[in-house]
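> The structure is given below, and queries will be raised subsequently.
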Amino acid sequence: MAAFGSVFMPEMAMARFDGTAWGQSALVPSDSISLHPGAHVLHYASTCFEGLKAFRHEDGSVAIFRMDKNVARMQQSSELLSLPTFDAALLSQMIVDVVRHYAADVPTPPGSMYIRPTHIGTEPAIGKAATPTLTSLLYVLLSPVGDYFAGGSRGLRLLMEDNARCAPHMGMIKSGGNYASALHPTMQAKAKFQADQVLFCPNGDVQETGAANFLLIDGNEIITKALDASFLHGITRDTILTLARDLGMKVSERELTVDELLERAAKPGTEAALSGTAAVLAPVGTLIHQGKEYKVGNGEPGSTTAKLRQTLNDIQWGKAEDKHGWLTKV
């Protein structure tokens, strides 16, 4: 399998907002976008996106995981970025239509079809730095992907940095600019400390990495930052916490300081993980703080992380009951 997310199906679903109303969605070639060089998105980053997956089940059917939640979050991101609003039914139908069109190409487990809805401002107006775009484009790309852990699961290395991933009021928006702002510190962390990601901890407040939410597992308790506007409200995070409650675990959504994290990480059996659509639940083995390395537990992937990941995979792959109604059959 090629690098994750680098292969695309030849067609995508697309709809345009002309400043007054949304046009009909249609399947078009995936390389068909034409933008004016003055398009709002190219100058003022009026863009947001989502990431979700479709899975093939043993009976040959295909199901999309938590589509309603992703659509709702994209509506929220669009509103907070002052992009044109759209009905949930429009985007939901676009996703279903394009996944159904390529249902035969959805890989078998552990692979899946990665779905990338995207919303961009298209009005050619470079004088609108403080004014929203009047027109926009909504499209849905598909990318068949393999197992994110094809090379084997290992404990990730995180550099803890006393800085924010993005502006505090922008954190809950899934916008490209937020990811761009995390790139440079992440590249520096990789070069200097061989870190896989940066764990952003402004003023000692443990938040998230550049592309995933952070979870601490201490015995039967999961601790993670309570939702606010400063960081992304991850759907995989929400899913994992729901499954943890189903398994009888204690879920604590609250402030977590750097000092408490390092103190708990030193305890035998403690685990940490990153949650996200691509990696599902990735184990964290080492924290790097002020030039010193701290193992999380024994530094290896833990059993609770593996159990939660497998519990989620079993639902996605149709091997366990979908008690929460998370799957949409296509």
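In the structure tokens, each chain is lettered A, B, ... as it comes, each chain's residues begin at 1, and ligands are numbered from 1 in order of appearance.
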Per DSSP on the backbone, filter range 5-41 of chain A down to the residues in strand (DSSP E) and report them as JSON, numbers by chain.
{"A": [11, 12, 13, 14, 15, 16, 17, 26, 27, 28, 29]}
> Mind checking which residues fall within 12 Å of Arg66 in chain A, counting only C-alpha atoms, ignoring those fewer than 4 positions away in the same chain, and posting them as a PyMOL selection string?
chain A and resi 50-55+70-73+92+95+115+234-236+238-239+277+312+315-316+322+324-329
> Go ahead and save the residues from that selection, with N, CA and C atoms, as a CSV table (one decimal), in the first residue's frame.

```
chain,number,residue,atom,x,y,z
A,50,GLU,N,-12.8,17.3,7.1
A,50,GLU,CA,-13.1,16.3,8.0
A,50,GLU,C,-12.3,15.0,7.6
A,51,GLY,N,-12.2,14.0,8.5
A,51,GLY,CA,-11.6,12.8,8.2
A,51,GLY,C,-12.5,11.7,8.8
A,52,LEU,N,-13.0,10.8,8.0
A,52,LEU,CA,-13.7,9.6,8.5
A,52,LEU,C,-13.5,8.4,7.6
A,53,LYS,N,-14.0,7.3,7.9
A,53,LYS,CA,-13.7,6.1,7.2
A,53,LYS,C,-14.9,5.2,6.9
A,54,ALA,N,-14.8,4.5,5.8
A,54,ALA,CA,-15.8,3.4,5.5
A,54,ALA,C,-15.1,2.1,5.5
A,55,PHE,N,-15.8,1.1,6.0
A,55,PHE,CA,-15.3,-0.2,6.3
A,55,PHE,C,-16.0,-1.3,5.6
A,70,ASN,N,-19.2,13.7,12.1
A,70,ASN,CA,-18.3,14.4,11.3
A,70,ASN,C,-18.9,15.5,10.5
A,71,VAL,N,-20.1,15.2,10.0
A,71,VAL,CA,-20.9,16.3,9.3
A,71,VAL,C,-21.2,17.4,10.2
A,72,ALA,N,-21.7,17.1,11.4
A,72,ALA,CA,-22.0,18.2,12.4
A,72,ALA,C,-20.8,19.0,12.7
A,73,ARG,N,-19.6,18.4,12.9
A,73,ARG,CA,-18.4,19.1,13.2
A,73,ARG,C,-18.0,20.0,12.0
A,92,SER,N,-24.0,14.8,3.9
A,92,SER,CA,-24.3,13.3,4.1
A,92,SER,C,-24.5,12.6,2.8
A,95,ILE,N,-21.4,12.2,0.7
A,95,ILE,CA,-20.5,11.2,1.2
A,95,ILE,C,-21.0,9.8,0.9
A,115,ILE,N,-12.2,9.0,4.0
A,115,ILE,CA,-13.1,10.0,3.4
A,115,ILE,C,-12.7,11.4,3.9
A,234,GLY,N,-12.1,15.8,19.2
A,234,GLY,CA,-12.0,14.6,18.4
A,234,GLY,C,-13.1,13.6,18.4
A,235,ILE,N,-13.5,13.1,17.3
A,235,ILE,CA,-14.6,12.1,17.3
A,235,ILE,C,-14.1,10.7,17.7
A,236,THR,N,-12.8,10.4,17.3
A,236,THR,CA,-12.2,9.2,17.9
A,236,THR,C,-12.1,9.3,19.4
A,238,ASP,N,-14.0,10.9,21.4
A,238,ASP,CA,-15.3,10.7,22.0
A,238,ASP,C,-15.7,9.3,22.0
A,239,THR,N,-15.3,8.6,20.9
A,239,THR,CA,-15.7,7.2,20.7
A,239,THR,C,-14.9,6.3,21.7
A,277,THR,N,-8.5,9.6,13.6
A,277,THR,CA,-9.2,8.7,12.6
A,277,THR,C,-8.2,7.8,12.0
A,312,LEU,N,-12.9,-0.9,19.4
A,312,LEU,CA,-13.3,0.0,18.3
A,312,LEU,C,-13.3,-0.6,17.0
A,315,ILE,N,-16.1,-3.0,16.1
A,315,ILE,CA,-17.4,-2.4,15.8
A,315,ILE,C,-17.3,-1.9,14.3
A,316,GLN,N,-16.2,-1.2,14.0
A,316,GLN,CA,-16.0,-0.7,12.6
A,316,GLN,C,-16.0,-1.8,11.6
A,322,ASP,N,-23.1,-2.9,17.1
A,322,ASP,CA,-23.0,-1.5,17.1
A,322,ASP,C,-24.1,-0.9,18.0
A,324,HIS,N,-24.3,1.7,19.7
A,324,HIS,CA,-24.5,3.2,19.7
A,324,HIS,C,-25.0,3.7,18.4
A,325,GLY,N,-25.3,2.9,17.4
A,325,GLY,CA,-25.8,3.3,16.1
A,325,GLY,C,-24.8,4.2,15.4
A,326,TRP,N,-23.5,3.8,15.4
A,326,TRP,CA,-22.4,4.6,14.8
A,326,TRP,C,-22.2,4.3,13.3
A,327,LEU,N,-22.7,3.2,12.8
A,327,LEU,CA,-22.5,2.8,11.4
A,327,LEU,C,-23.6,3.2,10.5
A,328,THR,N,-23.3,3.7,9.3
A,328,THR,CA,-24.2,4.0,8.3
A,328,THR,C,-24.0,3.1,7.1
A,329,LYS,N,-24.9,2.2,6.8
A,329,LYS,CA,-24.7,1.2,5.7
A,329,LYS,C,-24.9,2.0,4.4
```
> Considering only C-alpha atoms, return as an NGL selection string whatever protein or nucleic-acid residues lie within 8 Å of Ala282 in chain A, sequence-local ones (same chain, fewer than 5 positions apart) excluded.
:A and (153 or 155-156 or 273-275 or 305)
> Need the shell around Gly297 in chain A: protein/DNA/RNA residues with any atom at most 8 Å away, counting only C-alpha atoms. Skip same-chain ones fewer than 6 positions apart. Format as a PyMOL selection string?
chain A and resi 265-271+285
> Let me make sure I understand: among A:Leu83, A:Gln93, A:Leu183, A:Ala129, which one has the smallest atom-to-atom distance to Asp68 in chain A if we use only C-alpha atoms?
A:Gln93
